[in-house]
Amino acid sequence: MSGTDPLEGLVRPELLALADYNAGISLEKMRSELGLERVVKLDSNENPLSCSPRVAPAIAALQPGIFRYPDREELRLREMLSEDLGVASNQLAFTAGSEDLVSILFRMVLRPNDEVVTVIPTLGSTRSARSMPRL
């Protein structure tokens, strides 16, 4: 093995330069580093109280079809929310969270050489998405 990076020359350098996503310190690492038995973690959008007692049965009810890909268009949810909120269904966006939405918006709107103004602290995706190559 030559010791060179196998991705060098294959992957665009601006993509290799993007910062890794930081999901926060795991509970195990926090316990180990701080020598604590009980840790309540409030970062990374985690809920220290677990889910609502009503969620577990709802998840169990989904189990028979859990191996299927979900409806990408979220048709039932889109229809229900559209009616409930009084907005057109095409005005609703469903993503894998706020960071995903920020990333999608950046890729849709920003052009090369555009500037992004943000505050610190901010979402990790805001820092990495602003340097993301735009097509």
# chains A, B, ... in the order shown; residues from 1 in each chain; ligands from 1
>>> select_by_dssp(residues="segment 4-106 of chain A", states="alpha helix (DSSP H)", output="PyMOL selection string")
chain A and resi 13-16+27-34+55-62+75-85+98-106
>>> residues_around(residues="segment 89-101 of chain A", least_positions_apart="2", cutoff="12 Å", atoms="only C-alpha atoms", output="PyMOL selection string")
chain A and resi 21-23+44-45+71-87+103-108+122-129
>>> decode(residues="segment 7-48 of chain A", atoms="C-alpha atoms", output="JSON list (two decimals), in the first residue's frame")
[["chain", "number", "residue", "atom", "x", "y", "z"],
["A", 7, "LEU", "CA", -10.14, 9.01, -2.42],
["A", 8, "GLU", "CA", -7.57, 11.52, -3.66],
["A", 9, "GLY", "CA", -8.27, 12.39, -7.26],
["A", 10, "LEU", "CA", -11.57, 10.49, -7.20],
["A", 11, "VAL", "CA", -13.73, 12.65, -4.94],
["A", 12, "ARG", "CA", -14.00, 16.39, -5.49],
["A", 13, "PRO", "CA", -11.61, 18.18, -3.09],
["A", 14, "GLU", "CA", -14.29, 20.62, -1.88],
["A", 15, "LEU", "CA", -16.34, 17.63, -0.67],
["A", 16, "LEU", "CA", -13.38, 16.08, 1.13],
["A", 17, "ALA", "CA", -12.82, 19.45, 2.85],
["A", 18, "LEU", "CA", -16.31, 19.49, 4.41],
["A", 19, "ALA", "CA", -16.30, 19.13, 8.19],
["A", 20, "ASP", "CA", -17.57, 15.88, 9.69],
["A", 21, "TYR", "CA", -21.04, 16.03, 11.23],
["A", 22, "ASN", "CA", -20.86, 16.39, 15.00],
["A", 23, "ALA", "CA", -23.73, 14.58, 16.68],
["A", 24, "GLY", "CA", -22.42, 15.35, 20.15],
["A", 25, "ILE", "CA", -20.70, 13.14, 22.70],
["A", 26, "SER", "CA", -22.27, 9.73, 23.29],
["A", 27, "LEU", "CA", -23.60, 8.82, 26.73],
["A", 28, "GLU", "CA", -21.00, 6.07, 27.03],
["A", 29, "LYS", "CA", -18.12, 8.44, 26.29],
["A", 30, "MET", "CA", -19.52, 11.09, 28.64],
["A", 31, "ARG", "CA", -19.88, 8.55, 31.48],
["A", 32, "SER", "CA", -16.37, 7.24, 30.87],
["A", 33, "GLU", "CA", -14.64, 10.62, 30.56],
["A", 34, "LEU", "CA", -16.44, 12.24, 33.49],
["A", 35, "GLY", "CA", -16.56, 9.14, 35.70],
["A", 36, "LEU", "CA", -20.30, 9.51, 36.18],
["A", 37, "GLU", "CA", -22.85, 6.73, 36.47],
["A", 38, "ARG", "CA", -25.96, 8.84, 35.75],
["A", 39, "VAL", "CA", -25.89, 11.40, 32.94],
["A", 40, "VAL", "CA", -28.81, 13.41, 31.60],
["A", 41, "LYS", "CA", -27.89, 14.45, 28.09],
["A", 42, "LEU", "CA", -29.73, 17.50, 26.75],
["A", 43, "ASP", "CA", -27.84, 18.17, 23.52],
["A", 44, "SER", "CA", -28.20, 16.60, 20.08],
["A", 45, "ASN", "CA", -32.00, 16.96, 20.17],
["A", 46, "GLU", "CA", -32.28, 13.93, 22.44],
["A", 47, "ASN", "CA", -35.08, 13.47, 24.93],
["A", 48, "PRO", "CA", -33.83, 12.24, 28.32]]
